[in-house]
file structure18.txt (compact mmCIF, C-alpha atoms)
# COMPACT_ATOMS: atom_id res chain seq x y z
CA MET A 1 38.75 -7.69 -55.96
CA LYS A 2 35.40 -9.26 -56.73
CA SER A 3 35.62 -11.13 -53.44
CA LYS A 4 36.24 -7.87 -51.56
CA MET A 5 33.34 -6.17 -53.35
CA LEU A 6 31.07 -9.07 -52.48
CA ILE A 7 32.06 -8.87 -48.80
CA LEU A 8 31.49 -5.09 -48.76
CA SER A 9 28.10 -5.48 -50.44
CA SER A 10 27.06 -8.13 -47.93
CA LEU A 11 28.21 -5.94 -45.04
CA LEU A 12 26.24 -2.99 -46.44
CA ILE A 13 23.10 -5.13 -46.64
CA VAL A 14 23.56 -6.20 -43.01
CA LEU A 15 24.07 -2.60 -41.89
CA VAL A 16 21.00 -1.39 -43.78
CA ALA A 17 18.93 -4.19 -42.29
CA ALA A 18 20.23 -3.33 -38.82
CA GLY A 19 19.37 0.31 -39.43
CA VAL A 20 15.80 -0.60 -40.38
CA GLY A 21 15.55 -2.63 -37.17
CA LEU A 22 16.78 0.28 -35.09
CA MET A 23 14.27 2.61 -36.69
CA ALA A 24 11.47 0.19 -35.91
CA ASP A 25 12.63 0.04 -32.29
CA ARG A 26 12.67 3.84 -32.02
CA ALA A 27 9.19 4.04 -33.50
CA THR A 28 7.63 1.42 -31.24
CA GLY A 29 9.68 1.75 -28.06
CA ALA A 30 11.05 -1.29 -26.25
CA ALA A 31 10.92 -4.65 -27.97
CA ILE A 32 7.61 -6.45 -27.59
CA GLN A 33 7.90 -9.43 -25.24
CA ALA A 34 6.53 -12.67 -26.70
CA LEU A 35 4.87 -15.32 -24.57
CA ALA A 36 5.28 -18.73 -26.22
CA ALA A 37 2.46 -21.21 -25.57
CA ALA A 38 3.78 -24.77 -25.67
CA LYS A 39 1.66 -27.53 -27.21
CA VAL A 40 0.78 -30.43 -24.87
CA ALA A 41 -1.31 -33.52 -25.43
CA LYS A 42 -2.98 -33.38 -22.01
CA ALA A 43 -4.27 -30.36 -20.13
CA PRO A 44 -2.47 -29.40 -16.88
CA ALA A 45 -4.56 -30.58 -13.95
CA ASN A 46 -3.35 -28.04 -11.41
CA LEU A 47 -0.83 -25.34 -10.52
CA ASP A 48 1.99 -27.83 -10.00
CA ASP A 49 1.39 -30.11 -12.97
CA ALA A 50 4.64 -31.29 -14.58
CA ALA A 51 3.30 -30.07 -17.95
CA TRP A 52 4.12 -26.50 -16.92
CA GLN A 53 7.82 -27.30 -17.19
CA LYS A 54 7.35 -27.58 -20.96
CA ALA A 55 6.37 -23.91 -21.11
CA LYS A 56 9.14 -21.32 -21.19
CA ALA A 57 8.77 -18.81 -18.37
CA LEU A 58 8.53 -15.12 -19.29
CA ASP A 59 9.22 -12.51 -16.61
CA VAL A 60 6.88 -9.66 -17.45
CA PRO A 61 7.76 -6.27 -15.87
CA PHE A 62 4.99 -4.00 -14.56
CA ASP A 63 5.07 -0.29 -13.72
CA GLY A 64 2.99 1.14 -10.89
CA LYS A 65 0.36 3.81 -11.55
CA GLU A 66 -1.33 6.36 -9.25
CA LYS A 67 -0.65 5.31 -5.61
CA PHE A 68 1.86 2.71 -6.87
CA ALA A 69 3.72 5.26 -9.04
CA GLY A 70 7.46 4.62 -9.05
CA LYS A 71 7.06 1.02 -7.90
CA LYS A 72 7.76 -2.09 -9.96
CA ALA A 73 6.39 -5.63 -10.08
CA VAL A 74 7.18 -8.78 -12.05
CA VAL A 75 4.79 -11.56 -13.04
CA THR A 76 6.37 -14.83 -14.15
CA THR A 77 4.10 -16.08 -16.91
CA ARG A 78 3.77 -19.40 -18.75
CA ALA A 79 1.31 -20.66 -21.36
CA LEU A 80 0.23 -24.06 -22.66
CA TYR A 81 -2.38 -25.21 -25.12
CA THR A 82 -4.03 -28.39 -26.34
CA ASP A 83 -6.13 -28.99 -29.43
CA SER A 84 -9.08 -27.31 -27.71
CA GLU A 85 -7.93 -25.18 -24.76
CA VAL A 86 -5.38 -22.56 -23.71
CA PHE A 87 -3.84 -22.26 -20.22
CA PHE A 88 -1.93 -19.47 -18.46
CA LEU A 89 0.06 -19.65 -15.23
CA PHE A 90 0.97 -16.45 -13.35
CA LYS A 91 3.22 -16.05 -10.31
CA TRP A 92 3.92 -12.78 -8.51
CA LYS A 93 5.01 -11.51 -5.12
CA ASP A 94 2.43 -9.88 -2.87
CA ALA A 95 3.19 -9.28 0.79
CA THR A 96 -0.49 -9.32 1.79
CA GLN A 97 -3.27 -11.70 0.81
CA SER A 98 -6.27 -9.46 0.08
CA ILE A 99 -9.46 -11.47 -0.42
CA THR A 100 -12.12 -9.23 1.12
CA LYS A 101 -13.46 -6.34 -0.93
CA GLY A 102 -15.03 -4.42 1.90
CA ALA A 103 -16.79 -5.82 4.97
CA TRP A 104 -19.24 -4.84 7.67
CA GLN A 105 -18.28 -5.01 11.35
CA PHE A 106 -20.62 -4.71 14.33
CA ASP A 107 -19.33 -2.61 17.25
CA GLY A 108 -22.03 -3.76 19.67
CA GLU A 109 -24.44 -0.98 18.76
CA LYS A 110 -24.16 -0.30 15.04
CA TRP A 111 -22.55 -1.57 11.86
CA GLY A 112 -19.57 0.13 10.27
CA LYS A 113 -17.55 -0.41 7.09
CA LEU A 114 -14.05 -1.88 7.21
CA LYS A 115 -11.49 -0.74 4.67
CA GLY A 116 -10.06 -3.27 2.26
CA ASP A 117 -10.04 -4.33 -1.36
CA GLU A 118 -8.87 -7.40 -3.27
CA ASP A 119 -5.92 -8.69 -5.25
CA ARG A 120 -6.52 -9.08 -8.99
CA ILE A 121 -4.89 -9.77 -12.33
CA ALA A 122 -6.44 -8.75 -15.65
CA LEU A 123 -5.64 -9.58 -19.28
CA GLN A 124 -6.79 -7.56 -22.29
CA PHE A 125 -6.81 -9.24 -25.73
CA GLU A 126 -7.98 -7.97 -29.10
CA ILE A 127 -11.15 -9.42 -30.66
CA ASN A 128 -11.17 -6.92 -33.50
CA ARG A 129 -8.07 -4.82 -34.12
CA ILE A 130 -7.63 -1.96 -31.65
CA ASN A 131 -5.59 0.85 -33.17
CA ASN A 132 -2.06 1.04 -31.66
CA PHE A 133 -2.84 -1.58 -28.99
CA ALA A 134 -0.20 -3.97 -30.41
CA THR A 135 2.58 -1.48 -29.60
CA LYS A 136 1.18 0.68 -26.79
CA GLY A 137 -0.98 -1.79 -24.87
CA CYS A 138 -3.65 -0.56 -22.47
CA ALA A 139 -2.37 3.02 -22.62
CA VAL A 140 -4.48 3.54 -25.76
CA LEU A 141 -7.63 2.45 -23.89
CA CYS A 142 -7.72 5.22 -21.29
CA HIS A 143 -9.67 8.21 -22.58
CA GLY A 144 -10.22 11.48 -20.73
CA PRO A 145 -9.70 15.25 -20.75
CA ALA A 146 -6.08 16.44 -20.73
CA GLY A 147 -4.90 16.99 -17.18
CA ALA A 148 -8.00 15.44 -15.63
CA PRO A 149 -7.71 13.05 -12.65
CA MET A 150 -7.84 9.32 -13.38
CA LYS A 151 -11.36 9.02 -11.97
CA GLU A 152 -12.60 11.06 -14.94
CA PHE A 153 -11.01 8.76 -17.53
CA LYS A 154 -12.96 6.04 -19.30
CA TYR A 155 -11.60 2.59 -20.16
CA ALA A 156 -12.76 2.00 -23.71
CA THR A 157 -11.81 1.62 -27.35
CA ALA A 158 -11.78 4.68 -29.61
CA SER A 159 -14.50 3.30 -31.90
CA ALA A 160 -17.22 0.64 -32.00
CA ALA A 161 -15.29 -1.18 -34.75
CA GLU A 162 -12.51 -1.90 -32.23
CA LYS A 163 -13.28 -4.65 -29.74
CA GLY A 164 -11.40 -6.25 -26.85
CA ASP A 165 -11.72 -9.34 -24.65
CA LEU A 166 -11.17 -8.71 -20.92
CA TRP A 167 -10.19 -11.54 -18.54
CA HIS A 168 -10.41 -10.44 -14.91
CA TRP A 169 -9.44 -12.70 -12.01
CA LYS A 170 -10.64 -11.30 -8.68
CA ALA A 171 -9.53 -12.80 -5.37
CA ALA A 172 -12.74 -11.80 -3.58
CA ARG A 173 -15.42 -11.84 -6.27
CA SER A 174 -14.57 -14.52 -8.86
CA ASP A 175 -12.07 -16.89 -7.24
CA PRO A 176 -14.61 -18.49 -4.87
CA TYR A 177 -16.23 -19.97 -7.99
CA HIS A 178 -12.83 -20.95 -9.47
CA SER A 179 -13.35 -18.52 -12.32
CA ALA A 180 -12.27 -15.22 -13.79
CA ASP A 181 -14.88 -12.65 -14.76
CA ASP A 182 -15.21 -12.55 -18.55
CA GLY A 183 -16.00 -9.20 -20.16
CA TRP A 184 -15.45 -7.31 -23.37
CA LEU A 185 -14.50 -3.79 -24.39
CA THR A 186 -16.02 -1.37 -26.87
CA ALA A 187 -16.40 2.39 -27.34
CA ALA A 188 -17.34 4.32 -24.19
CA GLY A 189 -20.92 4.79 -23.16
CA GLU A 190 -21.92 7.18 -20.40
CA LYS A 191 -19.27 5.84 -18.00
CA THR A 192 -17.08 3.19 -19.61
CA GLY A 193 -16.61 0.87 -22.55
CA ARG A 194 -16.43 -2.23 -20.35
CA LYS A 195 -19.26 -4.71 -20.81
CA ASP A 196 -20.11 -8.04 -19.20
CA ASP A 197 -20.21 -11.11 -21.41
CA ALA A 198 -23.62 -12.69 -21.90
CA GLY A 199 -24.75 -14.79 -18.95
CA GLY A 200 -24.73 -14.57 -15.18
CA GLY A 201 -22.00 -13.82 -12.69
CA GLY A 202 -20.26 -10.88 -11.05
CA ASP A 203 -21.32 -9.89 -7.55
CA SER A 204 -23.92 -7.90 -5.67
CA ARG A 205 -23.61 -5.47 -2.77
CA ASN A 206 -24.69 -6.61 0.67
CA GLU A 207 -26.38 -3.56 2.14
CA THR A 208 -29.78 -2.28 3.16
CA ALA A 209 -31.58 0.39 1.14
CA ASP A 210 -30.23 3.15 3.39
CA LYS A 211 -26.71 1.61 3.20
CA SER A 212 -26.39 1.61 6.98
CA LYS A 213 -25.90 -2.12 7.56
CA PRO A 214 -25.70 -5.52 5.84
CA ARG A 215 -28.90 -6.97 4.44
CA TYR A 216 -27.78 -10.59 4.12
CA MET A 217 -25.93 -13.23 6.10
CA GLN A 218 -24.85 -16.84 5.57
CA ASP A 219 -27.83 -19.20 5.58
CA PRO A 220 -27.39 -21.11 8.88
CA ALA A 221 -28.99 -24.16 7.25
CA LYS A 222 -26.17 -24.35 4.68
CA LYS A 223 -22.51 -25.13 5.24
CA PRO A 224 -20.48 -22.40 3.48
CA SER A 225 -19.05 -23.68 0.21
CA PHE A 226 -16.16 -21.24 0.59
CA PRO A 227 -15.60 -20.25 4.24
CA GLY A 228 -14.90 -16.55 4.60
CA PHE A 229 -17.02 -15.64 1.58
CA LEU A 230 -20.74 -14.98 1.38
CA LEU A 231 -22.07 -16.41 -1.88
CA ALA A 232 -25.29 -14.89 -3.17
CA GLU A 233 -26.87 -18.34 -3.54
CA GLU A 234 -26.16 -19.16 0.12
CA ALA A 235 -27.32 -15.86 1.62
CA VAL A 236 -30.51 -15.17 3.54
CA GLU A 237 -31.98 -11.86 4.60
CA ILE A 238 -31.20 -10.71 8.14
CA THR A 239 -34.41 -10.40 10.15
CA ASP A 240 -32.94 -9.69 13.58
CA HIS A 241 -29.78 -7.63 13.96
CA SER A 242 -29.84 -7.99 17.76
CA LYS A 243 -28.37 -11.50 17.52
CA PHE A 244 -24.96 -10.19 16.42
CA GLN A 245 -22.07 -9.78 18.84
CA LYS A 246 -19.45 -7.04 19.03
CA GLY A 247 -16.74 -7.74 16.47
CA ASP A 248 -18.90 -9.85 14.14
CA THR A 249 -18.09 -9.24 10.47
CA ILE A 250 -19.94 -9.93 7.22
CA THR A 251 -18.53 -9.34 3.74
CA SER A 252 -20.15 -6.53 1.80
CA ARG A 253 -19.81 -8.13 -1.66
CA MET A 254 -21.54 -11.38 -2.59
CA PRO A 255 -20.14 -13.34 -5.57
CA LYS A 256 -22.69 -14.73 -8.02
CA LYS A 257 -22.32 -18.06 -9.79
CA PRO A 258 -21.02 -17.47 -13.35
CA SER A 259 -22.86 -18.91 -16.32
CA GLY A 260 -22.99 -18.60 -20.11
CA SER A 261 -20.23 -16.74 -21.90
CA ARG A 262 -19.40 -14.82 -18.70
CA GLY A 263 -18.35 -18.11 -17.11
CA ASP A 264 -15.97 -19.27 -19.86
CA ILE A 265 -12.70 -18.69 -17.95
CA LYS A 266 -11.79 -21.23 -15.29
CA ALA A 267 -9.34 -20.43 -12.49
CA LEU A 268 -7.26 -22.07 -9.79
CA SER A 269 -5.23 -20.11 -7.28
CA ARG A 270 -2.96 -20.37 -4.28
CA TYR A 271 -1.50 -17.79 -1.94
CA ALA A 272 1.68 -19.02 -0.24
CA ASP A 273 5.17 -17.81 0.68
CA GLY A 274 4.27 -14.17 0.14
CA GLY A 275 2.81 -14.43 -3.32
CA TRP A 276 0.06 -15.58 -5.66
CA THR A 277 0.01 -18.40 -8.18
CA VAL A 278 -2.99 -18.23 -10.52
CA MET A 279 -3.95 -20.48 -13.42
CA LEU A 280 -6.52 -19.37 -16.01
CA SER A 281 -7.91 -21.58 -18.76
CA ARG A 282 -10.47 -21.33 -21.54
CA LYS A 283 -11.48 -22.98 -24.80
CA LEU A 284 -9.42 -21.75 -27.74
CA ASP A 285 -12.69 -20.87 -29.47
CA THR A 286 -15.81 -20.50 -27.33
CA GLY A 287 -18.03 -19.74 -30.29
CA ASN A 288 -19.13 -16.49 -28.60
CA ASP A 289 -18.69 -13.16 -30.36
CA ASP A 290 -17.77 -11.48 -27.07
CA ASP A 291 -14.62 -13.65 -26.80
CA VAL A 292 -11.39 -13.71 -28.80
CA ALA A 293 -11.14 -16.92 -30.89
CA PHE A 294 -7.57 -18.21 -30.68
CA ASN A 295 -6.08 -19.76 -33.80
CA PRO A 296 -2.69 -21.42 -33.06
CA ARG A 297 -1.46 -20.30 -36.49
CA ARG A 298 -1.71 -16.65 -35.47
CA LYS A 299 -0.17 -14.26 -32.95
CA TYR A 300 -2.26 -12.21 -30.52
CA SER A 301 -1.56 -8.85 -28.91
CA PHE A 302 -2.40 -8.50 -25.24
CA ALA A 303 -1.49 -6.58 -22.09
CA MET A 304 -1.93 -7.15 -18.37
CA ALA A 305 -2.68 -5.24 -15.19
CA LEU A 306 -2.08 -6.15 -11.57
CA PHE A 307 -4.01 -4.85 -8.55
CA ASP A 308 -2.71 -5.07 -4.99
CA ASP A 309 -5.58 -4.56 -2.53
CA SER A 310 -6.63 -1.67 -4.75
CA GLY A 311 -9.33 -0.18 -6.96
CA ASP A 312 -9.24 0.27 -10.73
CA ALA A 313 -7.20 3.49 -10.78
CA ASP A 314 -4.36 2.06 -8.69
CA SER A 315 -2.60 -0.69 -10.59
CA TYR A 316 0.62 -2.08 -12.02
CA ASP A 317 0.52 -2.21 -15.83
CA SER A 318 2.56 -4.20 -18.35
CA GLU A 319 3.69 -3.00 -21.75
CA ALA A 320 2.19 -4.56 -24.89
CA LEU A 321 2.81 -8.30 -25.20
CA SER A 322 2.43 -10.95 -27.89
CA LEU A 323 1.00 -14.45 -27.47
CA GLU A 324 2.49 -16.97 -29.89
CA PHE A 325 1.61 -20.65 -30.23
CA GLY A 326 4.43 -23.16 -30.64
CA ARG A 327 4.08 -26.23 -32.83
call {"tool": "encode", "arguments": {"input": "structure18.txt", "output": "structure tokens"}}
result
Amino acid sequence: MKSKMLILSSLLIVLVAAGVGLMADRATGAAIQALAAAKVAKAPANLDDAAWQKAKALDVPFDGKEKFAGKKAVVTTRALYTDSEVFFLFKWKDATQSITKGAWQFDGEKWGKLKGDEDRIALQFEINRINNFATKGCAVLCHGPAGAPMKEFKYATASAAEKGDLWHWKAARSDPYHSADDGWLTAAGEKTGRKDDAGGGGDSRNETADKSKPRYMQDPAKKPSFPGFLLAEEAVEITDHSKFQKGDTITSRMPKKPSGSRGDIKALSRYADGGWTVMLSRKLDTGNDDDVAFNPRRKYSFAMALFDDSGDADSYDSEALSLEFGR
């Protein structure tokens, strides 16, 4: 009898525990996916380094928003870390390689703008706790009037006490410098809560004051460091537009060399076989207050967004994720 009572008591405990778990799932939605960063003695040198096989792959689902509504995407994600750095590897399908965010084309008489954007992947981490971000991800960071179009929403935290770290790899504007643009997030100002980290970087627009034609071209005295891109440091002002031929094109965005805290995130990429492979790396602790400081003894909430030849409103978004460091 005692044995039966003990079995029944144990079963009741299990059922109660299961019930608590189910309640937690109902309260938070789907289970949070955890990305496990594997510890390695030596940093991976490239996208194909054997060290990546030590990291368990996580297939992260993404849901399309705005013009991608109803569509799905998957990014296979891995993470590694050493005593001083953390590394991420992302792989996803993309039928078109988009590496030109706008360009000018000469028709023989005048310049016109070509359509086109860039492929991107972005990661949002917490620096200071962002209310509900751990369970709802980036959904809690879009603020705007009820029923208003997305262009009227602001990407920001709800208060200045909440603070995020934004990693933003851009195929046209950061990849030529093998970097990802490093920014941070706070409460909204006039337009947004997104801020650039301290230092140089980003890009500038290549256009005349009246926006009718490009202002700069590749310096003919310099061999392009990255053919197909016009870097700000290699550009010279156009003094004679008559030298251009029909069909000539010049990119309308000029990447700037990153420096300081804004240049903390290093990147390598490859487009092949209908998809991107991107590696991002950074020091665990940069010592900058506009960056999250990773402690391998802790877990970190984050979320991701994917852009396919598209602007900020049109993206694929992940649910909330958790980064965990293995021993």
call {"tool": "residues_around", "arguments": {"input": "structure18.txt", "residues": "A:Tyr271", "least_positions_apart": "4", "cutoff": "10 Å", "atoms": "all atoms listed in the file", "output": "list in words"}}
result
Lys91, Trp92, Lys93, Asp94, Thr96, Gln97, Ser98, Gly275, Trp276, Thr277 and Val278 of chain A
call {"tool": "residues_around", "arguments": {"input": "structure18.txt", "residues": "A:Thr82", "least_positions_apart": "5", "cutoff": "7 Å", "atoms": "all atoms listed in the file", "output": "list in words"}}
result
Lys39, Val40, Ala41, Lys42 and Ala43 of chain A
call {"tool": "write_last_selection", "arguments": {"input": "structure18.txt", "atoms": "C-alpha atoms", "output": "short mmCIF file (atom, residue, chain, number, x, y, z; two decimals), in the frame of the given file"}}
result
data_model
loop_
_atom_site.label_atom_id
_atom_site.label_comp_id
_atom_site.auth_asym_id
_atom_site.auth_seq_id
_atom_site.Cartn_x
_atom_site.Cartn_y
_atom_site.Cartn_z
CA LYS A 39 1.66 -27.53 -27.21
CA VAL A 40 0.78 -30.43 -24.87
CA ALA A 41 -1.31 -33.52 -25.43
CA LYS A 42 -2.98 -33.38 -22.01
CA ALA A 43 -4.27 -30.36 -20.13
#
call {"tool": "closest_residue", "arguments": {"input": "structure18.txt", "among": "A:Ala313, A:Lys243, A:Leu321, A:Arg78", "to": "A:Gly64", "atoms": "all atoms listed in the file"}}
result
A:Ala313
call {"tool": "residues_near_point", "arguments": {"input": "structure18.txt", "point": "(-24.6, -6.1, -3.1)", "cutoff": "10 Å", "atoms": "only C-alpha atoms", "output": "PyMOL selection string"}}
result
chain A and resi 203-208+214-216+232+251-255
call {"tool": "residues_around", "arguments": {"input": "structure18.txt", "residues": "A:Ile265", "least_positions_apart": "5", "cutoff": "7 Å", "atoms": "only C-alpha atoms", "output": "PyMOL selection string"}}
result
chain A and resi 179-180+182+280-282
call {"tool": "closest_residue", "arguments": {"input": "structure18.txt", "among": "A:Trp52, A:Pro176, A:Lys266, A:Glu162", "to": "A:Pro224", "atoms": "only C-alpha atoms"}}
result
A:Pro176
call {"tool": "residues_around", "arguments": {"input": "structure18.txt", "residues": "A:Asp248", "least_positions_apart": "2", "cutoff": "12 Å", "atoms": "only C-alpha atoms", "output": "number ranges by chain"}}
result
A: 103-114, 214, 217, 241-246, 250-251
call {"tool": "atom_distance", "arguments": {"input": "structure18.txt", "atom1": "atom CA of A:Asp219", "atom2": "atom CA of A:Thr239"}}
result
11.9 Å
call {"tool": "residues_around", "arguments": {"input": "structure18.txt", "residues": "stretch 121-130 of chain A", "least_positions_apart": "2", "cutoff": "8 Å", "atoms": "only C-alpha atoms", "output": "list in words"}}
result
Asp119, Asn132, Phe133, Ala134, Cys138, Thr157, Ala161, Glu162, Lys163, Gly164, Asp165, Leu166, Trp167, His168, Trp169, Lys170, Asp290, Asp291, Val292, Ala293, Tyr300, Ser301, Phe302, Ala303, Met304, Ala305, Leu306 and Phe307 of chain A
call {"tool": "atom_distance", "arguments": {"input": "structure18.txt", "atom1": "atom CA of A:Lys256", "atom2": "atom CA of A:Leu231"}}
result
6.4 Å
call {"tool": "residues_near_point", "arguments": {"input": "structure18.txt", "point": "(-15.5, 2.5, -24.6)", "cutoff": "12 Å", "atoms": "only C-alpha atoms", "output": "PyMOL selection string"}}
result
chain A and resi 130+140-144+153-164+184-195
call {"tool": "closest_residue", "arguments": {"input": "structure18.txt", "among": "A:Lys283, A:Arg270, A:Arg120, A:Arg298", "to": "A:Asp48", "atoms": "only C-alpha atoms"}}
result
A:Arg270
call {"tool": "atom_distance", "arguments": {"input": "structure18.txt", "atom1": "atom CA of A:Phe325", "atom2": "atom CA of A:Asp63"}}
result
26.4 Å
call {"tool": "closest_residue", "arguments": {"input": "structure18.txt", "among": "A:Gln218, A:Thr100, A:Asn295, A:Ser269", "to": "A:Tyr177", "atoms": "all atoms listed in the file"}}
result
A:Ser269
call {"tool": "closest_residue", "arguments": {"input": "structure18.txt", "among": "A:Arg262, A:Lys115, A:Lys101, A:Lys213", "to": "A:Gly228", "atoms": "only C-alpha atoms"}}
result
A:Lys101
